[in-house]
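**Q** File follows, data34.csv with CSV, C-alpha atoms:
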chain,number,residue,atom,x,y,z
L,1005,MET,CA,-16.5,-18.7,9.5
L,1006,MET,CA,-16.8,-20.5,6.2
L,1007,GLU,CA,-13.5,-21.4,4.5
L,1008,THR,CA,-13.1,-21.6,0.8
L,1009,ILE,CA,-10.1,-23.3,-0.6
L,1010,ALA,CA,-8.8,-22.3,-4.0
L,1011,VAL,CA,-6.1,-24.3,-5.6
L,1012,TYR,CA,-3.8,-22.5,-8.1
L,1013,TRP,CA,-1.3,-24.2,-10.1
L,1014,GLU,CA,0.3,-21.9,-12.5
L,1015,PRO,CA,3.7,-22.3,-14.1
L,1016,ARG,CA,3.4,-18.6,-14.9
L,1017,ILE,CA,1.2,-16.4,-12.7
L,1018,ARG,CA,-1.5,-14.7,-14.7
L,1019,THR,CA,-2.0,-11.0,-14.7
L,1020,TYR,CA,-4.5,-8.8,-16.4
L,1021,GLY,CA,-1.7,-6.8,-17.8
L,1022,VAL,CA,1.4,-4.8,-16.8
L,1023,GLN,CA,0.6,-1.0,-16.9
L,1024,LEU,CA,3.3,1.6,-17.3
L,1025,VAL,CA,3.1,5.3,-16.7
L,1026,GLU,CA,6.3,7.2,-17.2
L,1027,GLY,CA,7.6,10.5,-16.1
L,1028,LEU,CA,5.4,11.1,-13.0
L,1029,GLN,CA,6.3,13.3,-10.1
L,1030,LEU,CA,6.8,11.8,-6.6
L,1031,PHE,CA,6.3,14.1,-3.6
L,1032,GLN,CA,7.4,13.2,-0.1
L,1033,ILE,CA,6.3,15.0,3.0
L,1034,ALA,CA,6.1,13.9,6.6
L,1035,VAL,CA,3.3,14.7,9.0
L,1036,SER,CA,3.1,14.3,12.8
L,1037,PRO,CA,0.2,12.1,14.0
L,1038,VAL,CA,-1.0,15.0,16.2
L,1039,HIS,CA,-1.6,17.1,13.0
L,1040,MET,CA,-3.4,14.3,11.1
L,1041,ALA,CA,-6.8,15.8,11.3
L,1042,GLN,CA,-5.5,19.2,10.2
L,1043,TRP,CA,-3.5,17.6,7.4
L,1044,GLY,CA,-6.7,15.8,6.3
L,1045,GLN,CA,-8.6,19.1,6.2
L,1046,ALA,CA,-5.7,20.7,4.3
L,1047,LEU,CA,-5.8,18.0,1.6
L,1048,GLN,CA,-9.5,18.6,1.1
L,1049,SER,CA,-8.9,22.3,0.4
L,1050,VAL,CA,-6.4,21.7,-2.3
L,1051,ALA,CA,-8.6,19.1,-3.9
L,1052,GLU,CA,-11.3,21.6,-4.7
L,1053,ASP,CA,-9.8,22.2,-8.2
L,1054,GLY,CA,-8.1,18.8,-8.5
L,1055,PRO,CA,-5.3,17.6,-8.7
L,1056,ALA,CA,-5.8,13.9,-9.0
L,1057,PHE,CA,-3.2,11.4,-7.8
L,1058,ARG,CA,-1.9,8.3,-9.6
L,1059,LEU,CA,-0.8,6.6,-6.3
L,1060,VAL,CA,-0.6,7.6,-2.7
L,1061,TRP,CA,0.7,5.7,0.2
L,1062,ALA,CA,2.0,6.6,3.7
L,1063,GLN,CA,4.3,4.8,6.2
L,1064,ALA,CA,5.0,5.3,9.8
L,1065,GLY,CA,7.6,3.4,11.7
L,1066,ALA,CA,10.8,5.3,11.3
L,1067,PRO,CA,13.2,4.4,14.1
L,1068,ASP,CA,13.9,7.9,15.3
L,1069,THR,CA,10.7,9.8,14.6
L,1070,ASP,CA,6.9,9.4,15.0
L,1071,ARG,CA,6.3,11.2,11.7
L,1072,ILE,CA,4.2,9.5,9.1
L,1073,LYS,CA,5.7,10.0,5.6
L,1074,PHE,CA,3.3,10.6,2.7
L,1075,PHE,CA,4.2,9.7,-0.8
L,1076,LEU,CA,2.1,11.2,-3.5
L,1077,LEU,CA,2.5,10.4,-7.2
L,1078,CYS,CA,1.0,12.9,-9.7
L,1079,ASP,CA,1.1,13.7,-13.3
L,1080,HIS,CA,3.4,16.5,-14.3
L,1081,GLY,CA,0.4,18.6,-15.2
L,1082,HIS,CA,-0.6,18.7,-11.6
L,1083,GLY,CA,2.8,18.8,-10.2
L,1084,ARG,CA,3.2,22.6,-9.9
L,1085,LYS,CA,0.0,23.1,-8.0
L,1086,VAL,CA,0.7,20.1,-5.7
L,1087,HIS,CA,4.2,21.4,-5.0
L,1088,ASP,CA,3.1,24.9,-4.1
L,1089,TYR,CA,0.4,23.6,-1.9
L,1090,LEU,CA,2.5,21.1,0.0
L,1091,GLU,CA,5.2,23.8,0.5
L,1092,GLY,CA,2.5,26.0,2.0
L,1093,GLN,CA,1.5,23.4,4.4
L,1094,ALA,CA,5.0,22.9,5.5
L,1095,GLU,CA,5.3,26.7,6.1
L,1096,ARG,CA,2.2,26.6,8.2
L,1097,GLY,CA,3.7,23.8,10.4
L,1098,VAL,CA,1.0,21.3,9.4
L,1099,ALA,CA,3.7,19.2,7.7
L,1100,ASP,CA,7.5,19.0,7.7
L,1101,LYS,CA,9.6,20.4,5.0
L,1102,LEU,CA,8.7,19.2,1.5
L,1103,GLN,CA,11.4,17.2,-0.2
L,1104,HIS,CA,12.4,17.9,-3.7
L,1105,PRO,CA,10.1,16.0,-6.1
L,1106,LEU,CA,11.5,13.1,-8.0
L,1107,SER,CA,10.7,12.1,-11.6
L,1108,VAL,CA,9.8,8.4,-11.6
L,1109,ASP,CA,8.0,5.7,-13.6
L,1110,LEU,CA,5.1,3.7,-12.2
L,1111,LEU,CA,4.1,0.1,-13.1
L,1112,PHE,CA,1.1,-1.7,-11.7
L,1113,LEU,CA,-0.4,-5.1,-12.2
L,1114,GLN,CA,-3.3,-7.0,-10.9
L,1115,GLY,CA,-4.7,-10.5,-11.3
L,1116,PRO,CA,-7.0,-13.2,-10.0
L,1117,HIS,CA,-7.1,-13.2,-6.2
L,1118,TYR,CA,-3.9,-11.3,-5.9
L,1119,GLY,CA,-4.9,-10.0,-2.5
L,1120,ASP,CA,-5.4,-13.5,-1.1
L,1121,ARG,CA,-2.6,-15.6,-2.7
L,1122,TYR,CA,0.9,-16.1,-1.5
L,1123,GLY,CA,3.9,-15.6,-3.7
L,1124,VAL,CA,2.8,-13.0,-6.2
L,1125,LEU,CA,5.1,-10.2,-5.0
L,1126,ASP,CA,8.0,-12.7,-4.7
L,1127,PHE,CA,7.3,-13.7,-8.3
L,1128,THR,CA,7.3,-10.1,-9.4
L,1129,LEU,CA,10.5,-9.0,-7.6
L,1130,GLY,CA,12.6,-11.9,-8.7
L,1131,PRO,CA,13.3,-10.9,-12.3
L,1132,LEU,CA,13.7,-7.2,-11.4
L,1133,ALA,CA,16.3,-8.0,-8.7
L,1134,GLU,CA,18.1,-10.2,-11.1
L,1135,ALA,CA,18.3,-7.4,-13.7
L,1136,GLU,CA,19.2,-4.9,-11.0
L,1137,VAL,CA,16.3,-2.6,-11.8
L,1138,PRO,CA,16.3,0.2,-9.2
L,1139,LEU,CA,13.0,-0.2,-7.4
L,1140,LEU,CA,12.4,2.9,-5.4
L,1141,ALA,CA,9.2,1.7,-3.8
L,1142,VAL,CA,6.7,-1.1,-3.7
L,1143,THR,CA,3.1,-1.2,-2.5
L,1144,CYS,CA,0.7,-4.1,-2.3
L,1145,SER,CA,-2.9,-3.1,-1.6
L,1146,VAL,CA,-6.2,-5.0,-2.2
L,1147,ALA,CA,-5.4,-6.8,-5.4
L,1148,THR,CA,-2.8,-4.5,-7.1
L,1149,LEU,CA,0.9,-4.4,-7.0
L,1150,TYR,CA,2.6,-1.0,-7.6
L,1151,LEU,CA,6.2,-0.6,-8.4
L,1152,ILE,CA,8.1,2.7,-8.7
L,1153,THR,CA,11.3,2.8,-10.5
L,1154,ALA,CA,13.8,5.6,-11.2
L,1155,ALA,CA,12.8,7.6,-14.2
L,1156,GLY,CA,13.7,5.8,-17.4
L,1157,TRP,CA,13.6,2.3,-16.0
L,1158,GLY,CA,9.9,1.6,-16.3
L,1159,ALA,CA,10.0,0.3,-19.8
L,1160,ARG,CA,12.8,-2.2,-19.0
L,1161,ALA,CA,10.8,-3.4,-15.9
L,1162,LYS,CA,7.7,-3.8,-18.0
L,1163,THR,CA,9.5,-5.9,-20.6
L,1164,LEU,CA,10.9,-8.1,-17.9
L,1165,LEU,CA,7.6,-8.6,-16.1
L,1166,SER,CA,5.7,-9.1,-19.4
L,1167,GLY,CA,8.1,-12.0,-20.1
L,1168,VAL,CA,7.5,-13.8,-16.8
L,1169,PHE,CA,3.8,-13.3,-16.2
L,1170,GLU,CA,1.1,-14.9,-18.4
L,1171,ILE,CA,-1.0,-12.2,-20.0
L,1172,PRO,CA,-4.3,-13.1,-21.7
L,1173,CYS,CA,-4.5,-12.8,-25.4
L,1174,GLY,CA,-6.0,-9.5,-26.5
L,1175,VAL,CA,-4.7,-7.7,-23.5
L,1176,GLU,CA,-1.9,-5.3,-24.3
L,1177,ALA,CA,1.1,-6.3,-22.2
K,856,MET,CA,-18.6,19.0,6.3
K,857,THR,CA,-22.0,19.6,4.8
K,858,ASP,CA,-21.7,17.5,1.6
K,859,VAL,CA,-21.7,13.8,2.2
K,860,THR,CA,-19.4,12.0,-0.2
K,861,PRO,CA,-20.8,8.9,-1.7
K,862,ILE,CA,-18.8,5.6,-1.8
K,863,SER,CA,-19.7,2.2,-3.1
K,864,GLY,CA,-18.4,0.1,-0.3
K,865,LEU,CA,-16.5,-0.2,2.9
K,866,LYS,CA,-14.5,-3.3,3.9
K,867,LEU,CA,-12.8,-4.4,7.1
K,868,SER,CA,-10.1,-7.0,7.0
K,869,GLU,CA,-9.6,-9.9,9.4
K,870,GLN,CA,-7.1,-9.5,12.2
K,871,LEU,CA,-3.6,-9.0,11.0
K,872,THR,CA,-0.1,-8.7,12.4
K,873,SER,CA,2.2,-5.9,11.4
K,874,ILE,CA,5.8,-6.7,10.7
K,875,TRP,CA,8.4,-4.0,10.3
K,876,VAL,CA,11.6,-4.9,8.4
K,877,HIS,CA,14.5,-2.5,8.4
K,878,THR,CA,16.4,-2.6,5.2
K,879,PRO,CA,19.7,-1.1,4.1
K,880,PRO,CA,19.9,1.2,1.1
K,881,ARG,CA,19.9,-1.7,-1.3
K,882,MET,CA,16.4,-2.7,-0.2
K,883,GLU,CA,15.8,-5.2,-3.0
K,884,ASN,CA,17.9,-7.9,-1.3
K,885,ARG,CA,16.1,-7.8,2.1
K,886,LEU,CA,12.6,-7.3,0.7
K,887,THR,CA,13.2,-10.0,-1.9
K,888,ARG,CA,14.5,-12.3,0.8
K,889,LEU,CA,11.5,-11.7,3.0
K,890,CYS,CA,9.1,-12.3,0.1
K,891,ARG,CA,10.9,-15.6,-0.8
K,892,LEU,CA,10.7,-16.9,2.7
K,893,LEU,CA,7.0,-16.0,3.0
K,894,THR,CA,6.3,-17.7,-0.3
K,895,ARG,CA,8.0,-20.9,0.8
K,896,GLN,CA,5.8,-21.0,3.8
K,897,GLN,CA,2.7,-20.2,1.7
K,898,ILE,CA,2.0,-17.1,3.7
K,899,ASN,CA,0.0,-14.3,2.0
K,900,ILE,CA,0.9,-10.7,2.3
K,901,ALA,CA,-2.3,-8.8,3.0
K,902,PHE,CA,-0.7,-5.3,2.7
K,903,LEU,CA,2.8,-4.0,2.1
K,904,THR,CA,4.5,-0.7,1.6
K,905,SER,CA,8.2,-0.2,1.1
K,906,ALA,CA,10.2,2.8,0.1
K,907,SER,CA,13.6,1.9,1.4
K,908,LEU,CA,15.6,3.5,-1.4
K,909,LEU,CA,13.8,6.8,-0.7
K,910,ASP,CA,13.5,6.8,3.1
K,911,SER,CA,14.8,5.2,6.3
K,912,ARG,CA,11.4,3.9,7.2
K,913,PRO,CA,11.1,0.1,7.4
K,914,VAL,CA,9.0,-2.1,5.2
K,915,LEU,CA,5.5,-2.5,6.6
K,916,CYS,CA,4.2,-6.0,5.9
K,917,CYS,CA,0.8,-7.2,7.2
K,918,ILE,CA,0.0,-10.9,7.4
K,919,ASN,CA,-2.8,-12.8,9.0
K,920,VAL,CA,-2.4,-13.0,12.7
K,921,ASN,CA,-2.6,-16.8,12.6
K,922,ASP,CA,0.5,-16.9,10.5
K,923,GLN,CA,2.6,-15.0,13.0
K,924,PRO,CA,4.0,-18.0,14.9
K,925,ALA,CA,5.2,-19.6,11.6
K,926,VAL,CA,6.7,-16.3,10.5
K,927,ALA,CA,8.4,-15.7,13.8
K,928,ASP,CA,9.9,-19.1,13.7
K,929,LEU,CA,11.1,-18.5,10.1
K,930,MET,CA,12.7,-15.2,11.0
K,931,ASP,CA,14.4,-16.6,14.1
K,932,ARG,CA,16.2,-19.1,11.9
K,933,ASN,CA,17.3,-16.5,9.3
K,934,GLU,CA,20.4,-14.7,10.5
K,935,ASP,CA,20.2,-12.0,7.9
K,936,LEU,CA,16.6,-10.9,8.6
K,937,LYS,CA,16.3,-11.7,12.3
K,938,PRO,CA,18.1,-8.6,13.7
K,939,HIS,CA,16.1,-6.3,11.5
K,940,ILE,CA,12.6,-7.6,12.2
K,941,ARG,CA,10.2,-5.9,14.6
K,942,TYR,CA,6.7,-7.1,15.3
K,943,GLY,CA,4.0,-4.5,15.7
K,944,GLY,CA,0.6,-5.0,17.3
K,945,CYS,CA,-2.5,-6.4,15.9
K,946,VAL,CA,-3.8,-4.3,13.0
K,947,GLY,CA,-6.6,-4.3,10.5
K,948,VAL,CA,-7.0,-2.8,7.1
K,949,ILE,CA,-10.1,-0.7,6.5
K,950,THR,CA,-10.8,0.0,2.8
K,951,PHE,CA,-13.3,2.1,1.0
K,952,TYR,CA,-13.9,2.6,-2.7
K,953,PRO,CA,-13.9,4.2,-5.1
K,954,HIS,CA,-11.4,6.9,-4.3
K,955,ARG,CA,-11.7,8.5,-7.8
K,956,SER,CA,-8.0,9.6,-7.4
K,957,ASP,CA,-9.5,12.4,-5.3
K,958,LEU,CA,-7.3,14.0,-2.7
K,959,LYS,CA,-10.5,15.3,-1.1
K,960,LEU,CA,-11.6,11.9,-0.2
K,961,LEU,CA,-8.2,11.0,1.2
K,962,GLY,CA,-8.1,14.2,3.2
K,963,LEU,CA,-11.6,13.5,4.6
K,964,ALA,CA,-10.6,10.0,5.7
K,965,LEU,CA,-7.5,11.3,7.4
K,966,GLN,CA,-9.4,14.0,9.1
K,967,LEU,CA,-11.9,11.5,10.4
K,968,LEU,CA,-9.2,9.2,11.7
K,969,GLY,CA,-7.3,12.0,13.2
K,970,GLN,CA,-10.3,13.5,15.0
K,971,ASN,CA,-11.1,10.1,16.4
K,972,GLY,CA,-7.6,9.5,17.7
K,973,ILE,CA,-7.1,6.5,15.4
K,974,LYS,CA,-3.5,6.1,14.5
K,975,VAL,CA,-2.6,5.4,10.9
K,976,HIS,CA,0.3,2.9,10.6
K,977,GLY,CA,0.1,3.0,6.8
K,978,LEU,CA,-2.1,3.6,3.9
K,979,ALA,CA,-2.1,2.9,0.2
K,980,SER,CA,-4.3,3.5,-2.8
K,981,SER,CA,-5.0,0.8,-5.4
K,982,ILE,CA,-6.9,0.9,-8.6
K,983,ALA,CA,-10.2,2.1,-7.0
K,984,ALA,CA,-9.7,1.7,-3.3
K,985,LEU,CA,-8.1,3.5,-0.4
K,986,SER,CA,-6.8,1.3,2.4
K,987,PHE,CA,-5.7,2.3,5.9
K,988,VAL,CA,-3.8,0.2,8.4
K,989,VAL,CA,-5.1,0.9,11.9
K,990,ASP,CA,-5.0,-0.8,15.3
K,991,PHE,CA,-7.3,-3.7,15.1
K,992,HIS,CA,-9.1,-2.8,18.3
K,993,ARG,CA,-10.0,0.6,16.7
K,994,ILE,CA,-11.1,-0.7,13.3
K,995,ASP,CA,-14.8,-0.7,14.3
K,996,ASP,CA,-14.4,2.9,15.4
K,997,ALA,CA,-12.9,3.8,12.1
K,998,ALA,CA,-15.7,2.0,10.3
K,999,ARG,CA,-18.3,4.0,12.3
K,1000,ALA,CA,-16.5,7.3,11.6
K,1001,PHE,CA,-16.4,6.5,7.8
K,1002,ALA,CA,-20.0,5.2,7.7
K,1003,ALA,CA,-21.3,8.3,9.5
K,1004,ASN,CA,-19.5,10.8,7.1
K,1005,LEU,CA,-19.4,8.9,3.8
K,1006,GLN,CA,-22.6,7.9,2.0
K,1007,LEU,CA,-22.8,4.2,1.6
K,1008,PRO,CA,-25.5,2.7,-0.7
K,1009,ASP,CA,-28.8,2.0,0.9
K,1010,ASN,CA,-28.9,-1.1,3.1
K,1011,ALA,CA,-25.1,-1.4,2.9
K,1012,SER,CA,-22.9,-1.9,5.9
K,1013,PRO,CA,-19.2,-2.4,6.3
K,1014,LEU,CA,-18.2,-5.7,4.8
K,1015,ARG,CA,-16.2,-8.2,6.9
K,1016,SER,CA,-14.6,-11.2,5.3
K,1017,GLU,CA,-17.0,-14.1,5.7
K,1018,PHE,CA,-14.7,-16.5,4.1
K,1019,ARG,CA,-11.0,-16.9,3.7
K,1020,ILE,CA,-9.3,-18.0,0.5
K,1021,HIS,CA,-6.4,-20.3,1.0
K,1022,GLN,CA,-4.0,-21.1,-1.7
K,1023,GLU,CA,-2.6,-24.6,-1.4
K,1024,ARG,CA,0.3,-26.2,-3.2
K,1025,ARG,CA,-1.0,-28.8,-5.6
K,1026,SER,CA,0.3,-32.3,-4.8
K,1027,LEU,CA,1.2,-34.3,-7.8
The structure given in the file should be rewritten as structure tokens.

**A**
Amino acid sequence: MMETIAVYWEPRIRTYGVQLVEGLQLFQIAVSPVHMAQWGQALQSVAEDGPAFRLVWAQAGAPDTDRIKFFLLCDHGHGRKVHDYLEGQAERGVADKLQHPLSVDLLFLQGPHYGDRYGVLDFTLGPLAEAEVPLLAVTCSVATLYLITAAGWGARAKTLLSGVFEIPCGVEA
Amino acid sequence: MTDVTPISGLKLSEQLTSIWVHTPPRMENRLTRLCRLLTRQQINIAFLTSASLLDSRPVLCCINVNDQPAVADLMDRNEDLKPHIRYGGCVGVITFYPHRSDLKLLGLALQLLGQNGIKVHGLASSIAALSFVVDFHRIDDAARAFAANLQLPDNASPLRSEFRIHQERRSL
């Protein structure tokens, strides 16, 4: 395997911008691994007419259950349909009971080689922890960091991050 | 499934180790501490999901398998994190793009993985891609299932990392 060594020396890590989307709806629903194929088929049927998602992630690993928890972030415009659909799946036994949706803000940022460099998430979380911004969730996938805050906190988080990251001129912070 | 959904690419990660970190309701402290320790050791996080303020599930953190000994040593010396760390097996991340924010594509991927008995430890979308954390010894099975049911460009095949990017600290 060929190895490529990249050397970064940045007093401030560069990002292509910090994006903020406010007032999204976060849905949470757990699925048993034995129902995964069925759950996948069910998601395809709701997708016939949309809705789209802003972010989706899932986690296993709860200490007392084998369930995989899905987190689905949608615009409010799609929320009603998603809610009704997920409730229907819970009633059919494909998924567990749907939790009450939360209103949240979403921030995301990406930059050069984020998926291959150490320290980017650490650099991101530091100022937010210091300011006690309530971070509900974090995902790091490929080259993008996603941060979910309680509704109303996104703008504050964006201001903080825009102050610590280096953002190229001409890119809206 | 009569319509084949087109995708632009399919990528398989190198071998990773999964680390589960149980966090209290104030998840920022433990997650922040974990990230700081990994940074000091110059260890990259290949994949991470955390929702500790929403759920009891632990943080899922995937690192290169070659970094596990260093991380294990680091955690053994950290009294705060040590009792809350659990190491999972070897995993890999399989990614395809674009997802088009389409639940149908997500659903199809989950259906394929479920039908093939491939366990999903985690998944996350990014700007254009959908990534799934699966057992490393099943990643090729996952790739075959996706390649057979999603339309890759002509002459394309699942991409494996041919080179690794290291970030080194600059010595002054």

**Q** From the list K:Leu968, K:Ile994, K:Val876, K:Lys937, which residue is nearest Ser911 in chain K when using only C-alpha atoms?

**A**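 So, comparing all the options, the nearest one is K:Val876.
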
**Q** For chain K, which residues have at least one atom within 8 Å of chain L, if we go by all atoms listed in the file? Write them as a PDB file with C-alpha atoms, keeping the file's coordinate frame, please.

**A**
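What follows is the written file part.pdb:
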ATOM      1  CA  TRP K 875       8.400  -4.000  10.300  1.00  0.00           C
ATOM      2  CA  GLU K 883      15.800  -5.200  -3.000  1.00  0.00           C
ATOM      3  CA  ASN K 884      17.900  -7.900  -1.300  1.00  0.00           C
ATOM      4  CA  THR K 887      13.200 -10.000  -1.900  1.00  0.00           C
ATOM      5  CA  CYS K 890       9.100 -12.300   0.100  1.00  0.00           C
ATOM      6  CA  ARG K 891      10.900 -15.600  -0.800  1.00  0.00           C
ATOM      7  CA  LEU K 893       7.000 -16.000   3.000  1.00  0.00           C
ATOM      8  CA  THR K 894       6.300 -17.700  -0.300  1.00  0.00           C
ATOM      9  CA  GLN K 897       2.700 -20.200   1.700  1.00  0.00           C
ATOM     10  CA  ILE K 898       2.000 -17.100   3.700  1.00  0.00           C
ATOM     11  CA  ASN K 899       0.000 -14.300   2.000  1.00  0.00           C
ATOM     12  CA  ILE K 900       0.900 -10.700   2.300  1.00  0.00           C
ATOM     13  CA  ALA K 901      -2.300  -8.800   3.000  1.00  0.00           C
ATOM     14  CA  PHE K 902      -0.700  -5.300   2.700  1.00  0.00           C
ATOM     15  CA  LEU K 903       2.800  -4.000   2.100  1.00  0.00           C
ATOM     16  CA  THR K 904       4.500  -0.700   1.600  1.00  0.00           C
ATOM     17  CA  SER K 905       8.200  -0.200   1.100  1.00  0.00           C
ATOM     18  CA  ALA K 906      10.200   2.800   0.100  1.00  0.00           C
ATOM     19  CA  SER K 907      13.600   1.900   1.400  1.00  0.00           C
ATOM     20  CA  LEU K 908      15.600   3.500  -1.400  1.00  0.00           C
ATOM     21  CA  LEU K 909      13.800   6.800  -0.700  1.00  0.00           C
ATOM     22  CA  SER K 911      14.800   5.200   6.300  1.00  0.00           C
ATOM     23  CA  ARG K 912      11.400   3.900   7.200  1.00  0.00           C
ATOM     24  CA  PRO K 913      11.100   0.100   7.400  1.00  0.00           C
ATOM     25  CA  LEU K 915       5.500  -2.500   6.600  1.00  0.00           C
ATOM     26  CA  SER K 956      -8.000   9.600  -7.400  1.00  0.00           C
ATOM     27  CA  ASP K 957      -9.500  12.400  -5.300  1.00  0.00           C
ATOM     28  CA  LEU K 958      -7.300  14.000  -2.700  1.00  0.00           C
ATOM     29  CA  LYS K 959     -10.500  15.300  -1.100  1.00  0.00           C
ATOM     30  CA  LEU K 960     -11.600  11.900  -0.200  1.00  0.00           C
ATOM     31  CA  LEU K 961      -8.200  11.000   1.200  1.00  0.00           C
ATOM     32  CA  GLY K 962      -8.100  14.200   3.200  1.00  0.00           C
ATOM     33  CA  LEU K 963     -11.600  13.500   4.600  1.00  0.00           C
ATOM     34  CA  ALA K 964     -10.600  10.000   5.700  1.00  0.00           C
ATOM     35  CA  LEU K 965      -7.500  11.300   7.400  1.00  0.00           C
ATOM     36  CA  GLN K 966      -9.400  14.000   9.100  1.00  0.00           C
ATOM     37  CA  LEU K 967     -11.900  11.500  10.400  1.00  0.00           C
ATOM     38  CA  LEU K 968      -9.200   9.200  11.700  1.00  0.00           C
ATOM     39  CA  GLY K 969      -7.300  12.000  13.200  1.00  0.00           C
ATOM     40  CA  GLN K 970     -10.300  13.500  15.000  1.00  0.00           C
ATOM     41  CA  LYS K 974      -3.500   6.100  14.500  1.00  0.00           C
ATOM     42  CA  VAL K 975      -2.600   5.400  10.900  1.00  0.00           C
ATOM     43  CA  HIS K 976       0.300   2.900  10.600  1.00  0.00           C
ATOM     44  CA  GLY K 977       0.100   3.000   6.800  1.00  0.00           C
ATOM     45  CA  LEU K 978      -2.100   3.600   3.900  1.00  0.00           C
ATOM     46  CA  ALA K 979      -2.100   2.900   0.200  1.00  0.00           C
ATOM     47  CA  SER K 980      -4.300   3.500  -2.800  1.00  0.00           C
ATOM     48  CA  SER K 981      -5.000   0.800  -5.400  1.00  0.00           C
ATOM     49  CA  ILE K 982      -6.900   0.900  -8.600  1.00  0.00           C
ATOM     50  CA  ALA K 984      -9.700   1.700  -3.300  1.00  0.00           C
ATOM     51  CA  SER K 986      -6.800   1.300   2.400  1.00  0.00           C
ATOM     52  CA  GLU K1017     -17.000 -14.100   5.700  1.00  0.00           C
ATOM     53  CA  PHE K1018     -14.700 -16.500   4.100  1.00  0.00           C
ATOM     54  CA  ARG K1019     -11.000 -16.900   3.700  1.00  0.00           C
ATOM     55  CA  ILE K1020      -9.300 -18.000   0.500  1.00  0.00           C
ATOM     56  CA  HIS K1021      -6.400 -20.300   1.000  1.00  0.00           C
ATOM     57  CA  GLN K1022      -4.000 -21.100  -1.700  1.00  0.00           C
ATOM     58  CA  GLU K1023      -2.600 -24.600  -1.400  1.00  0.00           C
ATOM     59  CA  ARG K1024       0.300 -26.200  -3.200  1.00  0.00           C
ATOM     60  CA  ARG K1025      -1.000 -28.800  -5.600  1.00  0.00           C
TER      61      ARG K1025
END

**Q** To one decimal in Å, tell me the separation between CA of Gly943 in chain K and CA of Ser873 in chain K.

**A**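 Distance between the two atoms: 4.9 Å.
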
**Q** I'd like the contact shell of Val948 in chain K - 9 Å cut-off, only C-alpha atoms, skipping same-chain residues fewer than 3 positions apart - returned as a PyMOL selection string.

**A** chain K and resi 866-871+901-902+917+978+986-991+994

**Q** At a cut-off of 12 Å, using all atoms listed in the file, what residues contact Gly1092 in chain L? Leave out same-chain residues fewer than 2 positions from it and give the result as an NGL selection string.

**A** :L and (1033 or 1043 or 1046-1047 or 1050 or 1085-1090 or 1094-1102)

**Q** For a test of reading the model, state the distance in Å between CA of Pro1013 in chain K and CA of Ala998 in chain K, rounded to one decimal.

**A**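 Distance between the two atoms: 6.9 Å.
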
**Q** List the neighbours of Pro861 in chain K out to 10 Å using all atoms listed in the file; skip same-chain residues closer than 4 positions along the sequence, and give me the result as a PyMOL selection string.

**A** chain K and resi 952-954+960+1004-1008

**Q** Could you check how far CA of Asn919 in chain K sits from CA of Asp931 in chain K, in Å to one decimal?

**A**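 Between CA of Asn919 in chain K and CA of Asp931 in chain K the gap is 18.3 Å.
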
**Q** Any idea what's packed within 7 Å of range 1015-1031 of chain L, counting only C-alpha atoms, ignoring anything in its chain fewer than 6 positions away? Could you give it as an mmCIF file with C-alpha atoms, keeping the file's coordinate frame?

**A**
data_model
loop_
_atom_site.group_PDB
_atom_site.id
_atom_site.type_symbol
_atom_site.label_atom_id
_atom_site.label_comp_id
_atom_site.auth_asym_id
_atom_site.auth_seq_id
_atom_site.Cartn_x
_atom_site.Cartn_y
_atom_site.Cartn_z
ATOM 1 C CA PHE L 1075 4.200 9.700 -0.800
ATOM 2 C CA LEU L 1076 2.100 11.200 -3.500
ATOM 3 C CA LEU L 1077 2.500 10.400 -7.200
ATOM 4 C CA CYS L 1078 1.000 12.900 -9.700
ATOM 5 C CA ASP L 1079 1.100 13.700 -13.300
ATOM 6 C CA HIS L 1080 3.400 16.500 -14.300
ATOM 7 C CA GLY L 1083 2.800 18.800 -10.200
ATOM 8 C CA GLN L 1103 11.400 17.200 -0.200
ATOM 9 C CA PRO L 1105 10.100 16.000 -6.100
ATOM 10 C CA LEU L 1106 11.500 13.100 -8.000
ATOM 11 C CA SER L 1107 10.700 12.100 -11.600
ATOM 12 C CA VAL L 1108 9.800 8.400 -11.600
ATOM 13 C CA ASP L 1109 8.000 5.700 -13.600
ATOM 14 C CA LEU L 1110 5.100 3.700 -12.200
ATOM 15 C CA LEU L 1111 4.100 0.100 -13.100
ATOM 16 C CA PHE L 1112 1.100 -1.700 -11.700
ATOM 17 C CA LEU L 1113 -0.400 -5.100 -12.200
ATOM 18 C CA GLN L 1114 -3.300 -7.000 -10.900
ATOM 19 C CA GLY L 1115 -4.700 -10.500 -11.300
ATOM 20 C CA ALA L 1155 12.800 7.600 -14.200
ATOM 21 C CA GLY L 1158 9.900 1.600 -16.300
ATOM 22 C CA LYS L 1162 7.700 -3.800 -18.000
ATOM 23 C CA SER L 1166 5.700 -9.100 -19.400
ATOM 24 C CA VAL L 1168 7.500 -13.800 -16.800
ATOM 25 C CA PHE L 1169 3.800 -13.300 -16.200
ATOM 26 C CA GLU L 1170 1.100 -14.900 -18.400
ATOM 27 C CA ILE L 1171 -1.000 -12.200 -20.000
ATOM 28 C CA PRO L 1172 -4.300 -13.100 -21.700
ATOM 29 C CA VAL L 1175 -4.700 -7.700 -23.500
ATOM 30 C CA GLU L 1176 -1.900 -5.300 -24.300
ATOM 31 C CA ALA L 1177 1.100 -6.300 -22.200
#

**Q** Looking at L:Pro1116, L:Glu1091, L:Ala1135, L:Thr1153, which one is nearest to His1104 in chain L, with distances taken over all atoms listed in the file?

**A** L:Glu1091

**Q** Please identify all polymer residues within 12 Å of Asn1010 in chain K, counting only C-alpha atoms, omitting same-chain residues fewer than 6 positions from it, and present them as a list in words.

**A**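 These residues fall inside the cut-off: Ser863, Gly864 and Ala1002 of chain K.
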